[in-house]
Structure formats: C-alpha cells, structure tokens
Amino acid sequence: MEAFLESFGSKELKKLLREIILNFPSDDEIEFFKDWFKARYGENLRAVIFFGSCLSELSKSPTSFKDFIVIVDKYRLTSKNPLKWLSHWLLPPDLFHLAEERQEKKYECKYYIISLKQLLDATSAQAKDLYILGRLSKRIAVIYYRDQEGLELILDAHVSSIQRASQLSLSLLERFDKAGFIKAVMRLSYLAETRLEDERKVESLYLAHSEFYKKVYGLILKELIEKGIVREEGQDNFRVIGAKLPVDKRKVEEFLVLSRKRFKARWPKMILTVDNWLEQLLAKLERTYGIKLEIPAWERPFILITGWRHYFRFKKEGKIHESKLKE
C-alpha cells in the first residue's frame with residue numbers, strides 16, 4: 001500500500017523484540033519438528049517461525065497443534081518436481097500438514113513454506129495482502145535460524161508487520177484505550193480473511209501474551225503520539241487525529257477486500273498441498289464450536305460441489321466469519 005509512514009520506532013522496537021523472539025515454550029514436539037525441517041530442507045532452510053495459539057498454555061486447547069512458517073532460500077531446492085517448486089511463487093505461502101509417528105507418539109503440525117525474499121516483500125509497505133503481515137504483527141518465536149543475518153531480517157519483517165498493521169488499524173478507531181488499540185491491530189488479520197474461528201480468539205491471544213502486547217504496542221502508541229497522529233486525552237484515553245492518518249479508511253477497506261479475495265484464491269492450492277484438508281477442516285469445526293459434522297462416503301468425492309451448502313449454512317449461523325469495516 002501507498003501512504004505508509006517511514007519506519008518509526010524501529011531501533012527501540014527491534015531491541016525489545018530481539019529479547020523476546022528467541023523465548024518460547026520448548027518441548028519434545030518443538031525439537032522433533034525442528035529436526036524434521038532441518039532434515040527435509042537441509043542447507044536451504046533459513047529459519048523456522050513458531051506462531052499461533054500453541055505459543056502459550058493459556059491459549060492452546062487440548063486438540064490444538066503447532067503452527068510454523070518455514071523460511072527457505074530458494075524454492076527450486078524444495079522439490080525435484082518443477083511444478084511443485086514453481087507453484088510456491090504463486091500466492092505464497094503454501095500450507096502443508098505434517099503428521100509423523102515416533103515411538104508410538106504422533107507428532108502433528110501445520111506449516112507454511114515461503115522464501116525469505118517473499119517474506120520480506122509480504123511484510124513491507126508493498127505487501128499485496130495481510131496474510132503474512134497479519135500473522136507477524138502478533139507474538140511469534142524463532143525456533144531455528146541458520147545465521148545471524150537471517151535472524152536480523154526476520155526481526156525486520158516482524159517490526160515492519162507491527163508498524164504497518166498499527167497504521168492500518170488506526171483507520172478503524174476514533175477514541176480508544178491501549179487495550180482497544182492492541183485488539184484492533186490483532187483483529188486486522190481476521191478482517192482480511194474468511195475464517196472458521198470463535199470470536200473470542202482475539203481476546204484469548206491477547207490474554208495469553210498481554211505483557212508482550214502492552215510493551216510492544218505501547219512503544220508504537222508513544223511514537224504515534226509524538227508524531228501528532230494520536231492525541232492523549234487523559235489516562236489511558238486516546239483519540240485519532242483523522243487529518244493526519246497515514247492511510248485513510250477507504251484505502252484500508254479496499255486493501256481488506258483485496259486481501260479477502262487473495263485469501264479465497266489460495267483455497268485451491270491448500271486443497272492440493274494439505275493432503276487431509278477435509279479432515280482438518282472438520283476437526284477445526286469440532287474444536288471451535290463442538291459441532292461434529294459427518295460427511296458420508298458418497299459425498300466426499302464431490303465435496304467441492306456439495307460442500308457449499310455447509311459453507312452457507314455455517315456462514316448464516318455466524319460460525320464462518322468474514323468481517324467488514326463498519327461505515
């Protein structure tokens with residue numbers, strides 16, 4: 001998008017994030033997946049980002065499994081099949097489901113694959129949608145990095161995501177407190193996608209890492225006040241100066257519409273790359289809403305045709321969210 005401010009608060013923010021990004025709840029699953037990614041991608045593996053609800057015991061559920069972003073140098077080294085690695089360039093990142101069993105224990109996760117170059121592009125002022133930028137504006141951890149240069153570039157992407165998401169979110173606000181500002185930023189990625197999510201997800205993630213969000217977005221808010229974009233009107237009471245907004249509401253809404261279109265355009269690729277995508281979707285429906293939807297054997301081969309009746313029913317019931325900005 002155009003009209004973004006130049007990077008602000010980067011030095012202090014990057015210093016704070018550097019202290020946080022390498023801290024994460026390690027367990028045997030983390031070690032297993034880290035070793036699996038290193039074995040699978042070898043020297044082409046640049047780093048692995050851990051994100052999502054499993055970053056905290058407060059936000060994870062008994063049926064949740066971990067989410068990762070696998071960052072590589074070159075797509076052509078990820079597969080011997082040219083069609084597979086060439087497809088990574090189109091609407092990145094590609095999503096995969098990994099399930100392995102070792103010593104009678106099942107290890108299961110979702111992971112995205114993206115090149116370092118495209119990660120940096122997707123979190124910059126030229127980002128084409130919020131898919132990566134929205135995820136990296138939240139609490140993340142780096143469980144593996146090949147070298148210090150790569151870690152610094154990921155930190156740059158993290159800082160940029162936080163800055164860009166903050167500026168976009170200002171258009172959704174008028175008067176707010178610090179928690180309201182933080183949650184508006186966190187909600188941004190949900191506004192940009194059609195999701196099967198409980199509306200309490202933002203609150204859950206916020207409470208799980210509230211100290212992180214208060215420190216990080218407190219720095220952002222301080223900078224916005226100093227730049228005259230936000231005015232402090234009392235203790236924990238702020239107001240946006242509309243005339244100084246870095247991005248106006250109309251452009252934000254257009255960007256969100258584009259993001260939603262690009263999100264839906266990724267669905268065919270996800271069906272191809274996630275081998276048990278239907279089971280994953282049904283499991284998420286049960287995990288989120290406690291609804292066990294049985295798809296009969298006869299319907300499964302035609303689910304891309306017959307599945308729309310379930311989609312529209314759940315959307316009507318408010319279980320599939322495609323939020324839009326209020327006028």
# chains A, B, ... in the order shown; residues from 1 in each chain; ligands from 1

$ select_by_dssp --residues "stretch 20-61 of chain A" --states "helix (DSSP H, G or I)" --output "VMD selection string"
chain A and resid 20 28 to 44 53 to 55

$ write_last_selection --atoms "N, CA and C atoms" --output "PDB file, in the first residue's frame"
ATOM      1  N   ILE A  20      12.723 -11.029  22.970  1.00  0.00           N
ATOM      2  CA  ILE A  20      11.522 -11.861  23.137  1.00  0.00           C
ATOM      3  C   ILE A  20      11.463 -13.012  22.139  1.00  0.00           C
ATOM      4  N   ASP A  28       9.348 -31.611  23.569  1.00  0.00           N
ATOM      5  CA  ASP A  28       9.869 -32.613  22.643  1.00  0.00           C
ATOM      6  C   ASP A  28       9.282 -32.453  21.245  1.00  0.00           C
ATOM      7  N   GLU A  29       8.065 -31.886  21.142  1.00  0.00           N
ATOM      8  CA  GLU A  29       7.478 -31.643  19.834  1.00  0.00           C
ATOM      9  C   GLU A  29       8.266 -30.578  19.065  1.00  0.00           C
ATOM     10  N   ILE A  30       8.622 -29.507  19.747  1.00  0.00           N
ATOM     11  CA  ILE A  30       9.417 -28.454  19.108  1.00  0.00           C
ATOM     12  C   ILE A  30      10.719 -29.035  18.575  1.00  0.00           C
ATOM     13  N   GLU A  31      11.393 -29.821  19.389  1.00  0.00           N
ATOM     14  CA  GLU A  31      12.667 -30.422  18.967  1.00  0.00           C
ATOM     15  C   GLU A  31      12.454 -31.374  17.799  1.00  0.00           C
ATOM     16  N   PHE A  32      11.367 -32.144  17.841  1.00  0.00           N
ATOM     17  CA  PHE A  32      11.075 -33.065  16.743  1.00  0.00           C
ATOM     18  C   PHE A  32      10.863 -32.311  15.437  1.00  0.00           C
ATOM     19  N   PHE A  33      10.012 -31.299  15.464  1.00  0.00           N
ATOM     20  CA  PHE A  33       9.712 -30.561  14.239  1.00  0.00           C
ATOM     21  C   PHE A  33      10.933 -29.795  13.730  1.00  0.00           C
ATOM     22  N   LYS A  34      11.693 -29.228  14.645  1.00  0.00           N
ATOM     23  CA  LYS A  34      12.912 -28.520  14.231  1.00  0.00           C
ATOM     24  C   LYS A  34      13.853 -29.479  13.495  1.00  0.00           C
ATOM     25  N   ASP A  35      14.058 -30.655  14.050  1.00  0.00           N
ATOM     26  CA  ASP A  35      14.930 -31.641  13.408  1.00  0.00           C
ATOM     27  C   ASP A  35      14.351 -32.105  12.078  1.00  0.00           C
ATOM     28  N   TRP A  36      13.008 -32.245  12.018  1.00  0.00           N
ATOM     29  CA  TRP A  36      12.372 -32.690  10.777  1.00  0.00           C
ATOM     30  C   TRP A  36      12.571 -31.652   9.679  1.00  0.00           C
ATOM     31  N   PHE A  37      12.365 -30.383   9.986  1.00  0.00           N
ATOM     32  CA  PHE A  37      12.539 -29.327   8.995  1.00  0.00           C
ATOM     33  C   PHE A  37      13.991 -29.240   8.527  1.00  0.00           C
ATOM     34  N   LYS A  38      14.917 -29.400   9.442  1.00  0.00           N
ATOM     35  CA  LYS A  38      16.351 -29.350   9.081  1.00  0.00           C
ATOM     36  C   LYS A  38      16.714 -30.518   8.165  1.00  0.00           C
ATOM     37  N   ALA A  39      16.172 -31.698   8.478  1.00  0.00           N
ATOM     38  CA  ALA A  39      16.453 -32.862   7.641  1.00  0.00           C
ATOM     39  C   ALA A  39      15.788 -32.734   6.274  1.00  0.00           C
ATOM     40  N   ARG A  40      14.571 -32.186   6.252  1.00  0.00           N
ATOM     41  CA  ARG A  40      13.807 -32.084   4.995  1.00  0.00           C
ATOM     42  C   ARG A  40      14.383 -31.031   4.058  1.00  0.00           C
ATOM     43  N   TYR A  41      14.789 -29.887   4.588  1.00  0.00           N
ATOM     44  CA  TYR A  41      15.198 -28.776   3.723  1.00  0.00           C
ATOM     45  C   TYR A  41      16.701 -28.496   3.742  1.00  0.00           C
ATOM     46  N   GLY A  42      17.428 -29.114   4.644  1.00  0.00           N
ATOM     47  CA  GLY A  42      18.882 -29.024   4.644  1.00  0.00           C
ATOM     48  C   GLY A  42      19.423 -27.602   4.684  1.00  0.00           C
ATOM     49  N   GLU A  43      20.443 -27.358   3.885  1.00  0.00           N
ATOM     50  CA  GLU A  43      21.092 -26.036   3.860  1.00  0.00           C
ATOM     51  C   GLU A  43      20.200 -24.955   3.274  1.00  0.00           C
ATOM     52  N   ASN A  44      19.129 -25.369   2.613  1.00  0.00           N
ATOM     53  CA  ASN A  44      18.193 -24.392   2.045  1.00  0.00           C
ATOM     54  C   ASN A  44      17.303 -23.767   3.124  1.00  0.00           C
ATOM     55  N   SER A  53      -1.767 -20.239  18.629  1.00  0.00           N
ATOM     56  CA  SER A  53      -2.281 -20.465  19.981  1.00  0.00           C
ATOM     57  C   SER A  53      -1.389 -21.350  20.834  1.00  0.00           C
ATOM     58  N   CYS A  54      -0.597 -22.222  20.222  1.00  0.00           N
ATOM     59  CA  CYS A  54       0.254 -23.135  20.998  1.00  0.00           C
ATOM     60  C   CYS A  54       1.479 -22.456  21.591  1.00  0.00           C
ATOM     61  N   LEU A  55       1.653 -21.171  21.318  1.00  0.00           N
ATOM     62  CA  LEU A  55       2.760 -20.429  21.936  1.00  0.00           C
ATOM     63  C   LEU A  55       2.542 -20.226  23.432  1.00  0.00           C
TER      64      LEU A  55
END

$ closest_atom_pairs --of "stretch 119-208 of chain A" --to "stretch 60-79 of chain A" --cutoff "10 Å" --atoms "only C-alpha atoms" --output "tab-separated table"
residue	atom	partner	partner_atom	distance
A:Leu119	CA	A:Ile71	CA	7.9
A:Ile132	CA	A:Ile69	CA	9.4
A:Arg135	CA	A:Ile69	CA	9.9
A:Ile140	CA	A:Phe68	CA	9.6
A:Ala141	CA	A:Phe68	CA	9.5
A:Val142	CA	A:Phe68	CA	9.4
A:Ile143	CA	A:Phe68	CA	9.4
A:Tyr144	CA	A:Val70	CA	9.6
A:Tyr145	CA	A:Ile71	CA	9.3
A:Gly150	CA	A:Ile71	CA	9.6
A:Ile154	CA	A:Ile71	CA	9.6
A:Ser204	CA	A:Lys60	CA	9.1
A:Leu205	CA	A:Lys60	CA	9.2
A:Ala208	CA	A:Lys60	CA	9.2

$ write_last_selection --atoms "N, CA and C atoms" --output "CSV table (one decimal), in the first residue's frame"
chain,number,residue,atom,x,y,z
A,119,LEU,N,9.0,-13.3,2.0
A,119,LEU,CA,8.5,-13.0,3.4
A,119,LEU,C,8.8,-11.5,3.6
A,132,ILE,N,0.6,-12.8,5.6
A,132,ILE,CA,1.8,-12.9,6.4
A,132,ILE,C,1.9,-11.8,7.3
A,135,ARG,N,-0.1,-12.1,10.5
A,135,ARG,CA,0.4,-13.2,11.4
A,135,ARG,C,1.7,-12.7,12.1
A,140,ILE,N,5.3,-13.9,18.0
A,140,ILE,CA,5.9,-15.1,17.3
A,140,ILE,C,7.2,-15.4,18.0
A,141,ALA,N,7.8,-16.6,17.7
A,141,ALA,CA,9.1,-17.0,18.2
A,141,ALA,C,9.8,-17.7,17.0
A,142,VAL,N,11.2,-17.6,17.1
A,142,VAL,CA,12.0,-18.2,16.1
A,142,VAL,C,12.7,-19.4,16.8
A,143,ILE,N,12.3,-20.6,16.3
A,143,ILE,CA,12.9,-21.8,17.0
A,143,ILE,C,14.1,-22.3,16.3
A,144,TYR,N,14.4,-21.8,15.1
A,144,TYR,CA,15.7,-22.1,14.4
A,144,TYR,C,16.0,-21.0,13.5
A,145,TYR,N,17.3,-20.6,13.4
A,145,TYR,CA,17.8,-19.7,12.4
A,145,TYR,C,19.2,-20.2,12.0
A,150,GLY,N,20.1,-13.9,8.9
A,150,GLY,CA,18.7,-14.3,8.7
A,150,GLY,C,17.8,-13.9,9.8
A,154,ILE,N,14.5,-11.4,9.8
A,154,ILE,CA,13.2,-11.8,10.3
A,154,ILE,C,12.7,-10.8,11.3
A,204,SER,N,-8.5,-14.3,23.5
A,204,SER,CA,-7.7,-15.4,24.1
A,204,SER,C,-6.2,-15.2,23.8
A,205,LEU,N,-5.9,-14.8,22.6
A,205,LEU,CA,-4.5,-14.5,22.2
A,205,LEU,C,-3.9,-13.3,23.0
A,208,ALA,N,-3.2,-14.3,26.6
A,208,ALA,CA,-2.1,-15.2,26.7
A,208,ALA,C,-0.7,-14.5,26.7

$ residues_around --residues "A:Leu95" --least-positions-apart "2" --cutoff "6 Å" --atoms "only C-alpha atoms" --output "PyMOL selection string"
chain A and resi 111-112+270

$ write_last_selection --atoms "N, CA and C atoms" --output "short mmCIF file (atom, residue, chain, number, x, y, z; two decimals), in the first residue's frame"
data_model
loop_
_atom_site.label_atom_id
_atom_site.label_comp_id
_atom_site.auth_asym_id
_atom_site.auth_seq_id
_atom_site.Cartn_x
_atom_site.Cartn_y
_atom_site.Cartn_z
N TYR A 111 2.36 -26.30 8.66
CA TYR A 111 3.44 -25.36 8.38
C TYR A 111 3.29 -24.74 7.00
N TYR A 112 3.70 -23.48 6.93
CA TYR A 112 3.75 -22.74 5.68
C TYR A 112 5.18 -22.74 5.17
N MET A 270 -4.43 -24.86 -1.23
CA MET A 270 -4.45 -25.53 0.07
C MET A 270 -5.05 -26.93 -0.04
#

$ atom_distance --atom1 "atom CA of A:Thr273" --atom2 "atom CA of A:Leu151"
27.4 Å

$ closest_residue --among "A:Ser124, A:Ser169, A:Ser160, A:Gln148" --to "A:Lys14" --atoms "only C-alpha atoms"
A:Ser160

$ decode --residues "stretch 164-176 of chain A" --atoms "N, CA and C atoms" --output "mmCIF file, in the first residue's frame"
data_model
loop_
_atom_site.group_PDB
_atom_site.id
_atom_site.type_symbol
_atom_site.label_atom_id
_atom_site.label_comp_id
_atom_site.auth_asym_id
_atom_site.auth_seq_id
_atom_site.Cartn_x
_atom_site.Cartn_y
_atom_site.Cartn_z
ATOM 1 N N ARG A 164 3.119 -1.610 10.167
ATOM 2 C CA ARG A 164 2.108 -1.492 9.106
ATOM 3 C C ARG A 164 0.715 -1.805 9.650
ATOM 4 N N ALA A 165 0.606 -2.872 10.440
ATOM 5 C CA ALA A 165 -0.693 -3.241 10.999
ATOM 6 C C ALA A 165 -1.231 -2.148 11.914
ATOM 7 N N SER A 166 -0.337 -1.515 12.656
ATOM 8 C CA SER A 166 -0.743 -0.423 13.553
ATOM 9 C C SER A 166 -1.317 0.738 12.764
ATOM 10 N N GLN A 167 -0.654 1.112 11.684
ATOM 11 C CA GLN A 167 -1.111 2.246 10.883
ATOM 12 C C GLN A 167 -2.443 1.948 10.198
ATOM 13 N N LEU A 168 -2.609 0.717 9.696
ATOM 14 C CA LEU A 168 -3.873 0.343 9.074
ATOM 15 C C LEU A 168 -5.016 0.364 10.092
ATOM 16 N N SER A 169 -4.724 -0.109 11.296
ATOM 17 C CA SER A 169 -5.762 -0.219 12.328
ATOM 18 C C SER A 169 -6.257 1.128 12.817
ATOM 19 N N LEU A 170 -5.444 2.149 12.698
ATOM 20 C CA LEU A 170 -5.870 3.480 13.152
ATOM 21 C C LEU A 170 -7.130 3.946 12.432
ATOM 22 N N SER A 171 -7.304 3.498 11.190
ATOM 23 C CA SER A 171 -8.485 3.903 10.421
ATOM 24 C C SER A 171 -9.771 3.286 10.964
ATOM 25 N N LEU A 172 -9.643 2.260 11.800
ATOM 26 C CA LEU A 172 -10.812 1.607 12.375
ATOM 27 C C LEU A 172 -11.209 2.236 13.706
ATOM 28 N N LEU A 173 -10.417 3.183 14.158
ATOM 29 C CA LEU A 173 -10.593 3.727 15.505
ATOM 30 C C LEU A 173 -10.882 5.223 15.483
ATOM 31 N N GLU A 174 -11.472 5.685 16.563
ATOM 32 C CA GLU A 174 -11.629 7.121 16.786
ATOM 33 C C GLU A 174 -11.126 7.452 18.189
ATOM 34 N N ARG A 175 -11.857 7.009 19.202
ATOM 35 C CA ARG A 175 -11.384 7.088 20.583
ATOM 36 C C ARG A 175 -11.134 5.666 21.076
ATOM 37 N N PHE A 176 -10.089 5.487 21.882
ATOM 38 C CA PHE A 176 -9.737 4.136 22.310
ATOM 39 C C PHE A 176 -8.805 4.181 23.519
#
